[in-house]
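Heads up, protein_33.txt below (compact mmCIF, C-alpha atoms):
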```txt
# COMPACT_ATOMS: atom_id res chain seq x y z
CA MET E 618 4.20 37.70 6.58
CA LEU E 619 3.93 39.59 3.30
CA GLU E 620 3.56 43.34 3.42
CA ARG E 621 0.45 44.69 1.73
CA ASP E 622 2.36 46.26 -1.19
CA GLU E 623 4.27 43.02 -1.75
CA LEU E 624 1.04 41.02 -1.72
CA ALA E 625 -0.48 43.47 -4.20
CA ALA E 626 2.43 42.94 -6.60
CA TRP E 627 2.14 39.15 -6.38
CA LEU E 628 -1.61 39.24 -7.00
CA ARG E 629 -1.20 41.62 -9.91
CA LEU E 630 1.40 39.36 -11.54
CA LEU E 631 -0.51 36.11 -11.06
CA GLU E 632 -4.06 37.35 -11.69
CA THR E 633 -3.46 39.46 -14.81
CA PRO E 634 -5.43 37.90 -17.70
CA GLY E 635 -3.16 36.46 -20.36
CA VAL E 636 -0.22 35.99 -17.99
CA GLY E 637 0.16 32.35 -17.03
CA LEU E 638 2.53 30.69 -14.58
CA GLY E 639 5.12 30.15 -17.29
CA THR E 640 5.31 33.87 -18.05
CA ALA E 641 5.31 34.70 -14.35
CA ARG E 642 8.28 32.39 -13.80
CA ARG E 643 10.21 33.97 -16.65
CA VAL E 644 9.83 37.51 -15.36
CA LEU E 645 10.57 36.49 -11.78
CA ALA E 646 13.73 34.70 -12.91
CA ALA E 647 14.78 37.80 -14.85
CA PHE E 648 13.83 40.55 -12.39
CA GLY E 649 13.82 38.78 -9.01
CA SER E 650 10.49 39.85 -7.51
CA PRO E 651 7.02 41.01 -8.60
CA GLU E 652 7.80 44.57 -7.48
CA ALA E 653 10.92 44.55 -9.65
CA VAL E 654 8.90 43.25 -12.59
CA PHE E 655 6.65 46.30 -12.51
CA ASP E 656 9.50 48.71 -11.73
CA ALA E 657 11.56 47.44 -14.68
CA GLY E 658 9.71 49.47 -17.29
CA THR E 659 7.95 48.66 -20.52
CA ALA E 660 11.06 48.29 -22.67
CA ALA E 661 12.66 45.73 -20.37
CA ARG E 662 9.49 43.65 -20.16
CA ARG E 663 8.97 43.78 -23.93
CA ALA E 664 12.54 42.67 -24.56
CA LEU E 665 11.94 39.62 -22.39
CA LEU E 666 8.35 38.69 -23.21
CA GLY E 667 7.43 40.26 -26.51
CA PRO E 668 4.70 42.87 -27.03
CA GLU E 669 1.58 40.85 -26.22
CA ALA E 670 2.53 39.50 -22.76
CA ALA E 671 4.33 42.73 -21.88
CA SER E 672 1.24 44.74 -22.81
CA ALA E 673 -0.92 42.57 -20.51
CA LEU E 674 1.29 43.55 -17.57
CA GLU E 675 1.06 47.27 -18.26
CA THR E 676 -2.25 47.85 -16.49
CA PRO E 677 -3.40 46.26 -13.22
CA PRO E 678 -6.56 44.14 -13.65
CA GLU E 679 -9.79 45.87 -12.62
CA THR E 680 -10.42 43.16 -10.03
CA LEU E 681 -7.10 43.74 -8.22
CA PRO E 682 -8.23 46.26 -5.55
CA ALA E 683 -11.14 44.09 -4.45
CA LEU E 684 -9.04 40.92 -4.48
CA LEU E 685 -6.25 42.58 -2.49
CA GLU E 686 -8.69 43.88 0.10
CA ALA E 687 -10.44 40.50 0.41
CA THR E 688 -7.12 38.65 0.76
CA TRP E 689 -5.74 41.10 3.32
CA ARG E 690 -8.95 40.86 5.34
CA TRP E 691 -8.92 37.04 5.07
CA LEU E 692 -5.38 36.95 6.48
CA ALA E 693 -6.45 39.04 9.45
CA GLU E 694 -9.40 36.78 10.28
CA SER E 695 -7.33 34.00 11.84
CA SER E 696 -9.00 33.51 15.22
CA ASP E 697 -10.11 29.95 14.35
CA ALA E 698 -6.81 28.83 12.79
CA PRO E 699 -3.68 30.63 11.53
CA ARG E 700 -3.85 31.83 7.92
CA HIS E 701 -0.89 32.29 5.61
CA VAL E 702 0.10 33.41 2.13
CA LEU E 703 3.46 31.90 1.15
CA THR E 704 5.69 32.74 -1.79
CA LEU E 705 8.17 30.47 -3.50
CA GLY E 706 11.04 31.90 -1.45
CA ASP E 707 9.34 31.68 1.97
CA PRO E 708 11.20 29.50 4.52
CA ALA E 709 7.94 27.62 5.19
CA TYR E 710 7.48 26.76 1.51
CA PRO E 711 7.70 22.95 1.10
CA SER E 712 11.05 21.84 -0.32
CA ALA E 713 9.29 18.80 -1.85
CA TRP E 714 7.49 21.06 -4.33
CA LEU E 715 10.72 22.81 -5.26
CA GLU E 716 11.89 19.45 -6.63
CA THR E 717 8.90 19.15 -9.00
CA ALA E 718 8.55 20.54 -12.51
CA ASP E 719 5.68 22.97 -11.84
CA PRO E 720 5.76 24.37 -8.28
CA PRO E 721 3.13 26.97 -7.41
CA LEU E 722 4.43 30.51 -6.98
CA LEU E 723 1.94 31.57 -4.31
CA LEU E 724 0.21 29.44 -1.69
CA TYR E 725 -2.76 30.07 0.58
CA ALA E 726 -2.95 28.01 3.78
CA ILE E 727 -5.05 27.60 6.92
CA GLY E 728 -3.74 25.69 9.92
CA ARG E 729 -0.45 24.07 10.88
CA ILE E 730 1.96 25.39 8.26
CA GLU E 731 4.79 23.17 9.57
CA LEU E 732 3.02 20.13 8.09
CA LEU E 733 4.12 21.29 4.62
CA ARG E 734 7.66 20.18 5.47
CA ALA E 735 6.79 16.98 7.34
CA PRO E 736 7.30 13.50 5.83
CA ALA E 737 4.05 12.67 4.06
CA ILE E 738 2.09 9.96 2.25
CA ALA E 739 -0.72 10.72 -0.21
CA ILE E 740 -3.89 8.62 -0.05
CA VAL E 741 -6.31 8.96 -2.95
CA GLY E 742 -9.09 7.00 -4.60
CA SER E 743 -12.65 6.85 -5.80
CA ARG E 744 -15.29 9.44 -4.99
CA ASN E 745 -17.77 6.55 -4.84
CA PRO E 746 -15.93 3.85 -2.92
CA THR E 747 -17.31 0.64 -1.56
CA PRO E 748 -17.88 0.67 2.21
CA GLN E 749 -14.82 -1.55 2.56
CA GLY E 750 -12.73 0.82 0.45
CA ALA E 751 -13.65 3.78 2.66
CA GLU E 752 -12.80 1.76 5.77
CA ASN E 753 -9.47 0.72 4.22
CA ALA E 754 -8.60 4.36 3.54
CA ARG E 755 -9.49 5.34 7.08
CA ALA E 756 -7.53 2.45 8.64
CA PHE E 757 -4.42 2.97 6.50
CA ALA E 758 -4.47 6.72 7.19
CA ARG E 759 -4.76 6.14 10.91
CA ALA E 760 -1.89 3.62 10.97
CA LEU E 761 0.39 5.69 8.72
CA GLY E 762 -0.41 8.83 10.70
CA ASP E 763 0.42 7.04 13.94
CA ALA E 764 3.76 6.10 12.36
CA GLY E 765 4.47 9.82 11.95
CA LEU E 766 3.53 10.36 8.31
CA THR E 767 1.30 13.28 7.40
CA VAL E 768 -1.57 12.05 5.22
CA VAL E 769 -2.12 14.22 2.13
CA SER E 770 -5.29 14.14 0.06
CA GLY E 771 -7.68 16.37 -1.86
CA LEU E 772 -10.78 16.81 0.37
CA ALA E 773 -12.96 15.13 -2.26
CA LEU E 774 -15.87 12.86 -1.40
CA GLY E 775 -15.13 9.20 -0.85
CA ILE E 776 -11.59 7.95 -0.26
CA ASP E 777 -10.12 11.45 0.23
CA GLY E 778 -12.55 12.29 3.00
CA ALA E 779 -12.07 8.92 4.71
CA ALA E 780 -8.29 9.34 4.61
CA HIS E 781 -8.45 12.82 6.16
CA ASP E 782 -10.84 11.54 8.82
CA GLY E 783 -8.60 8.60 9.68
CA ALA E 784 -5.47 10.75 9.98
CA LEU E 785 -6.99 13.48 12.15
CA GLY E 786 -5.83 12.98 15.73
CA SER E 787 -2.84 10.88 14.68
CA ALA E 788 0.76 11.95 15.23
CA GLY E 789 1.15 12.94 11.59
CA SER E 790 -2.25 14.64 11.11
CA THR E 791 -3.37 15.55 7.58
CA VAL E 792 -3.03 18.10 4.76
CA ALA E 793 -5.91 18.83 2.38
CA ILE E 794 -4.85 20.31 -0.96
CA VAL E 795 -7.83 21.97 -2.60
CA GLY E 796 -8.75 23.17 -6.08
CA THR E 797 -10.68 26.30 -5.05
CA GLY E 798 -10.00 29.51 -3.19
CA LEU E 799 -9.63 28.90 0.54
CA ASP E 800 -12.59 31.14 1.33
CA ARG E 801 -14.92 28.36 0.17
CA VAL E 802 -15.23 24.63 0.82
CA TYR E 803 -15.90 22.14 -1.95
CA PRO E 804 -17.75 19.85 -1.70
CA ARG E 805 -20.04 21.54 0.82
CA ARG E 806 -20.69 18.19 2.48
CA HIS E 807 -17.14 18.40 3.78
CA LEU E 808 -17.62 21.72 5.56
CA ALA E 809 -17.38 20.15 9.03
CA LEU E 810 -14.41 18.02 7.98
CA ALA E 811 -12.65 21.09 6.56
CA ARG E 812 -13.10 22.89 9.87
CA ARG E 813 -11.54 19.96 11.72
CA ILE E 814 -8.61 19.89 9.31
CA ALA E 815 -8.06 23.64 9.64
CA HIS E 816 -7.98 23.27 13.43
CA ASP E 817 -5.80 20.14 13.70
CA GLY E 818 -4.12 19.86 10.30
CA LEU E 819 -3.66 22.09 7.25
CA ILE E 820 -5.67 23.19 4.21
CA VAL E 821 -3.61 24.59 1.35
CA GLY E 822 -4.16 25.68 -2.25
CA GLU E 823 -2.69 27.82 -5.02
CA TYR E 824 -5.87 29.51 -6.23
CA ALA E 825 -6.84 33.06 -5.32
CA LEU E 826 -9.70 33.72 -2.94
CA GLY E 827 -13.05 33.57 -4.68
CA THR E 828 -11.95 30.90 -7.16
CA PRO E 829 -14.96 28.55 -7.63
CA PRO E 830 -14.74 24.78 -8.20
CA LEU E 831 -13.67 24.78 -11.86
CA ALA E 832 -13.17 21.38 -13.49
CA PRO E 833 -9.66 22.03 -14.93
CA ASN E 834 -8.28 23.02 -11.53
CA PHE E 835 -8.72 19.61 -9.89
CA PRO E 836 -6.47 17.52 -12.16
CA ARG E 837 -3.91 20.33 -11.87
CA ARG E 838 -4.25 20.24 -8.07
CA ASN E 839 -3.30 16.55 -8.17
CA ARG E 840 0.33 17.36 -9.03
CA LEU E 841 0.62 19.05 -5.63
CA ILE E 842 -0.82 16.04 -3.82
CA ALA E 843 1.66 13.72 -5.56
CA GLY E 844 4.60 16.10 -5.22
CA LEU E 845 4.25 16.82 -1.51
CA ALA E 846 4.35 13.15 -0.48
CA ARG E 847 7.05 10.49 -0.49
CA GLY E 848 4.58 8.12 -2.10
CA THR E 849 0.96 7.86 -3.24
CA LEU E 850 -1.36 5.08 -2.06
CA VAL E 851 -4.36 4.39 -4.31
CA VAL E 852 -7.09 2.63 -2.34
CA GLU E 853 -9.85 2.18 -4.94
CA ALA E 854 -10.05 3.59 -8.45
CA ALA E 855 -11.87 2.93 -11.68
CA LEU E 856 -9.86 2.75 -14.89
CA GLN E 857 -10.85 6.30 -15.86
CA SER E 858 -10.05 8.04 -12.61
CA GLY E 859 -8.41 11.20 -11.33
CA SER E 860 -6.55 9.01 -8.86
CA LEU E 861 -4.64 7.44 -11.75
CA ILE E 862 -3.66 10.95 -12.85
CA THR E 863 -2.25 11.53 -9.36
CA ALA E 864 -0.39 8.21 -9.54
CA ARG E 865 1.12 9.14 -12.92
CA MET E 866 2.20 12.51 -11.55
CA ALA E 867 3.78 10.75 -8.57
CA VAL E 868 5.86 8.62 -10.94
CA GLU E 869 6.87 11.71 -12.93
CA ALA E 870 7.96 13.38 -9.69
CA GLY E 871 10.08 10.36 -8.76
CA ARG E 872 7.78 9.22 -5.94
CA GLU E 873 6.63 5.71 -5.00
CA VAL E 874 3.17 4.44 -5.97
CA PHE E 875 1.26 1.87 -3.91
CA ALA E 876 -2.06 0.19 -4.64
CA ILE E 877 -4.42 -1.98 -2.60
CA PRO E 878 -5.78 -4.94 -4.59
CA GLY E 879 -9.45 -5.82 -4.58
CA SER E 880 -12.01 -8.08 -6.14
CA ILE E 881 -11.52 -8.90 -9.82
CA HIS E 882 -15.28 -8.33 -10.20
CA SER E 883 -15.28 -4.80 -8.78
CA PRO E 884 -14.97 -1.82 -11.18
CA GLN E 885 -13.47 0.12 -8.29
CA SER E 886 -10.51 -2.28 -8.17
CA ARG E 887 -9.58 -2.15 -11.84
CA GLY E 888 -7.58 1.04 -11.58
CA CYS E 889 -5.53 -0.38 -8.71
CA HIS E 890 -4.93 -3.62 -10.61
CA ALA E 891 -3.81 -1.63 -13.68
CA LEU E 892 -1.34 0.29 -11.52
CA ILE E 893 0.03 -2.95 -10.05
CA ARG E 894 0.53 -4.37 -13.55
CA GLN E 895 2.42 -1.19 -14.42
CA GLY E 896 4.77 -1.55 -11.47
CA ALA E 897 3.00 -0.04 -8.46
CA LYS E 898 3.74 -1.78 -5.16
CA LEU E 899 0.93 -4.10 -4.04
CA VAL E 900 0.25 -3.45 -0.36
CA GLU E 901 -2.02 -5.23 2.09
CA THR E 902 -0.98 -3.50 5.32
CA ALA E 903 0.31 -0.10 6.37
CA ALA E 904 3.54 -1.88 7.35
CA HIS E 905 4.13 -2.70 3.67
CA VAL E 906 4.05 1.02 2.84
CA LEU E 907 6.40 1.86 5.70
CA GLU E 908 8.82 -0.88 4.65
CA GLU E 909 9.02 0.49 1.11
CA LEU E 910 9.63 3.99 2.50
CA ARG E 911 12.24 2.55 4.92
CA LEU E 912 10.36 3.73 7.98
CA ASP E 913 9.75 1.80 11.20
CA ALA E 914 6.24 0.41 11.57
CA PRO E 915 4.42 0.61 14.92
CA ALA E 916 2.84 -2.60 16.17
CA SER E 917 -0.62 -1.32 15.19
CA ALA E 918 0.43 -1.22 11.52
CA CYS E 919 1.77 -4.77 11.38
CA GLY E 920 -1.13 -6.98 12.38
CA THR E 921 -3.80 -5.78 10.01
CA ASP E 922 -4.69 -6.70 6.46
CA ALA E 923 -5.88 -4.32 3.76
CA GLY E 924 -9.14 -3.83 5.60
CA GLY E 925 -7.52 -3.36 8.96
CA ALA E 926 -8.67 -6.74 10.27
CA ALA E 927 -6.76 -8.63 12.89
CA SER E 928 -5.60 -12.13 12.06
CA ALA E 929 -8.62 -13.72 13.70
CA GLY E 930 -11.28 -14.75 11.20
CA PRO E 931 -14.97 -13.89 11.23
CA ARG E 932 -16.96 -15.30 14.14
CA ASP E 933 -20.20 -15.74 12.22
CA PRO E 934 -20.94 -18.50 9.64
CA VAL E 935 -22.60 -16.01 7.29
CA LEU E 936 -19.59 -13.69 7.54
CA GLU E 937 -17.36 -16.69 6.80
CA ALA E 938 -19.43 -17.50 3.73
CA LEU E 939 -19.41 -13.88 2.56
CA GLY E 940 -15.65 -13.78 2.14
CA HIS E 941 -14.43 -10.37 0.97
CA ASP E 942 -16.09 -9.91 -2.43
CA PRO E 943 -19.63 -8.53 -2.88
CA VAL E 944 -22.15 -11.36 -3.35
CA THR E 945 -25.86 -11.68 -4.10
CA LEU E 946 -28.40 -13.05 -1.66
CA ASP E 947 -28.95 -16.08 -3.91
CA ALA E 948 -25.24 -16.86 -4.04
CA LEU E 949 -24.95 -16.51 -0.28
CA ALA E 950 -27.97 -18.77 0.25
CA ALA E 951 -26.32 -21.39 -1.96
CA ARG E 952 -23.08 -21.15 0.03
CA THR E 953 -24.70 -21.38 3.45
CA GLY E 954 -27.74 -23.55 2.75
CA TRP E 955 -29.83 -21.10 4.78
CA PRO E 956 -33.42 -20.31 3.67
CA PRO E 957 -33.55 -16.85 2.00
CA ALA E 958 -35.93 -15.39 4.60
CA GLU E 959 -33.75 -16.49 7.53
CA LEU E 960 -30.62 -15.32 5.71
CA SER E 961 -32.15 -11.90 4.98
CA ALA E 962 -33.05 -11.41 8.65
CA HIS E 963 -29.55 -12.43 9.72
CA LEU E 964 -27.94 -10.08 7.17
CA LEU E 965 -30.08 -7.21 8.47
CA GLY E 966 -28.72 -7.82 11.97
CA LEU E 967 -25.15 -7.89 10.66
CA GLU E 968 -25.81 -4.70 8.70
CA LEU E 969 -27.12 -2.91 11.80
CA ALA E 970 -24.03 -4.10 13.70
CA GLY E 971 -21.74 -2.60 11.08
CA GLU E 972 -20.41 -5.98 9.98
CA VAL E 973 -22.02 -6.03 6.52
CA ALA E 974 -22.78 -3.36 3.91
CA ARG E 975 -25.68 -3.51 1.47
CA LEU E 976 -24.47 -2.38 -1.96
CA PRO E 977 -26.40 -1.31 -5.08
CA GLY E 978 -27.74 -4.22 -7.10
CA GLN E 979 -28.77 -6.20 -4.00
CA LEU E 980 -25.17 -7.13 -3.22
CA PHE E 981 -23.74 -7.69 0.24
CA GLN E 982 -20.15 -7.23 1.40
CA ARG E 983 -18.43 -8.02 4.68
CA LEU E 984 -16.81 -5.01 6.33
CA VAL E 985 -13.44 -5.55 7.98
CA ARG E 986 -12.66 -3.06 10.74
CA THR E 987 -9.84 -2.36 13.15
```

Kindly present the structure from the file in structure tokens form.
Amino acid sequence: MLERDELAAWLRLLETPGVGLGTARRVLAAFGSPEAVFDAGTAARRALLGPEAASALETPPETLPALLEATWRWLAESSDAPRHVLTLGDPAYPSAWLETADPPLLLYAIGRIELLRAPAIAIVGSRNPTPQGAENARAFARALGDAGLTVVSGLALGIDGAAHDGALGSAGSTVAIVGTGLDRVYPRRHLALARRIAHDGLIVGEYALGTPPLAPNFPRRNRLIAGLARGTLVVEAALQSGSLITARMAVEAGREVFAIPGSIHSPQSRGCHALIRQGAKLVETAAHVLEELRLDAPASACGTDAGGAASAGPRDPVLEALGHDPVTLDALAARTGWPPAELSAHLLGLELAGEVARLPGQLFQRLVRT
């Protein structure tokens, strides 16, 4: 654990206005530690950085005492789950990030710190998935977690949350990489999920305590999701999607990219189809991911399709007629020959049983579950 004076030097270096990560890396490479940076003297810093950046480091920021006190107190309040602040040279620091172009210099973490060095798979996708997309994310996360992979995602609404939920309780568990300070949860709807992850998995981020949900921080956070994992699985994504940024960063980091195909009529499938055209691996089962990563697949990962369904088909004629793509009531009536009133009543029963989802635009979609 960092000593208080050491933590103060790190916070001063990283939180000084006008001193970015690039400058921080330069002075650390030259002087060896934050304490040495500030002990080196003005002339040495000016010779390395020039007058402007060196001048910024002359005086500690006014916010430093309060931030140091809040961080030190936060570290001590670890009764619910262990809390950590890790530097680049800490033995627990993930080696996977050391292989990437822009590793964070300081990390904040709550939970099982050993998961940072476990074999991992990232699962990302739309914040507004279809019901089937959310179920796919949950089923893939559960199967890949049972195979021993830690599931990494970003705690966002939609696919991220479903992936975390599916992986919790599995052998691999889950890591949530966030874009805020760890003293707050964003989005607030995931407060209960975040507590479960802190208890059974790990929450980690590079931003100082008190950092609010700022828009530029989330695309930047995605490089950590991609870099920690052996590969990134995109479940559903529109063409303009943060998930595609994560996939691009995975490629840049030399990682595998996987995508689940979907309906050609669904906007949420277009990002995945674009990735497949660009060379991402098309996967329909968790076993396909494990094969590409050269890992053994448990039996539970081999007998399911992209929705986690066993090989047996639907038992209901309306489910058979639904297929897998969203359809309108009129189209379904034409397929089945059922009167609209009778069909609507039957669909309501299937919806209450969790077999069918009602989508915006009066569309219906069959849900495939494990």

With distances taken over only C-alpha atoms, which of E:Gly888, E:Gly706, E:Gly775, E:Gly818 is nearest to E:Ile794?
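The answer is E:Gly818, which sits nearest to E:Ile794.
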
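When all atoms listed in the file are used to measure the gap to E:Glu623, the shortest distance among E:Val702, E:Leu946, E:Pro678, E:Ala660 belongs to E:Val702.
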
Here is a test: counting all atoms listed in the file, which residue of E:Leu984, E:Leu724, E:Ala843, E:Leu638 is nearest to E:Val769?
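The shortest atom-to-atom distance to E:Val769 comes from E:Ala843.
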
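Among E:Arg983, E:His816, E:Arg729, E:Arg952, the residue with the shortest atom-to-atom distance to E:Ser696, counting only C-alpha atoms, is E:His816.
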
Mind checking which residues fall within 12 Å of E:Arg975, counting only C-alpha atoms, ignoring those fewer than 6 positions away in the same chain, and posting them as an MDAnalysis selection string?
chainID E and resid 747:749 943:946 961 964:969 981:984

Just give me the gap between atom CA of E:Pro934 and atom CA of E:Thr902 in Å, one decimal is fine.
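For atom CA of E:Pro934 relative to atom CA of E:Thr902, the distance reads 25.3 Å.
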
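The coordinates place atom CA of E:Pro829 at 12.1 Å from atom CA of E:Arg805.
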
One decimal, Å: what's the distance from atom CA of E:Arg872 over to atom CA of E:Asp777, could you say?
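The value is 19.1 Å.
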
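The residue that comes closest to E:Arg837, out of E:Pro721, E:Pro668, E:Gly765, E:Pro884 and on the basis of only C-alpha atoms, is E:Pro721.
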
Give me, as a ChimeraX atom specification, all polymer residues having an atom no more than 8 Å from stretch 675-677 of chain E, counting only C-alpha atoms and skipping those fewer than 3 positions away in the same chain.
/E:629,633,659,671-672,681

Within 7 Å of E:Gly728, counting all atoms listed in the file, which residues qualify if same-chain residues fewer than 2 places away don't, as a ChimeraX atom specification?
/E:698-700,726,730,815-816,818-820

So, with only C-alpha atoms as the atoms that count, which of E:Gln979, E:Thr680, E:Asn834, E:Ser770 lies closest to E:Ser743?
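So, comparing all the options, the nearest one is E:Ser770.
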
9 Å contact set for E:Leu899, only C-alpha atoms, chain neighbours under 3 positions out, as an MDAnalysis selection string
chainID E and resid 875:878 889:890 892:893 896 905

Find the spatial neighbours of stretch 712-716 of chain E, counting only C-alpha atoms, within a cut-off of 9 Å - ignore same-chain residues fewer than 5 positions away - and output them as a CSV table (one decimal) with C-alpha atoms, in the coordinates of the input.
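As a result, out_38.csv now contains:
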```
chain,number,residue,atom,x,y,z
E,705,LEU,CA,8.2,30.5,-3.5
E,721,PRO,CA,3.1,27.0,-7.4
E,733,LEU,CA,4.1,21.3,4.6
E,734,ARG,CA,7.7,20.2,5.5
E,841,LEU,CA,0.6,19.0,-5.6
E,844,GLY,CA,4.6,16.1,-5.2
E,845,LEU,CA,4.2,16.8,-1.5
E,846,ALA,CA,4.4,13.2,-0.5
E,847,ARG,CA,7.0,10.5,-0.5
E,870,ALA,CA,8.0,13.4,-9.7
```

Residues within 10 Å of (-6.2, 10.0, -5.2), file coordinates, counting only C-alpha atoms: what are they? Give the list as number ranges by chain.
E: 739-744, 769-773, 775-777, 839, 842-843, 849-854, 858-864
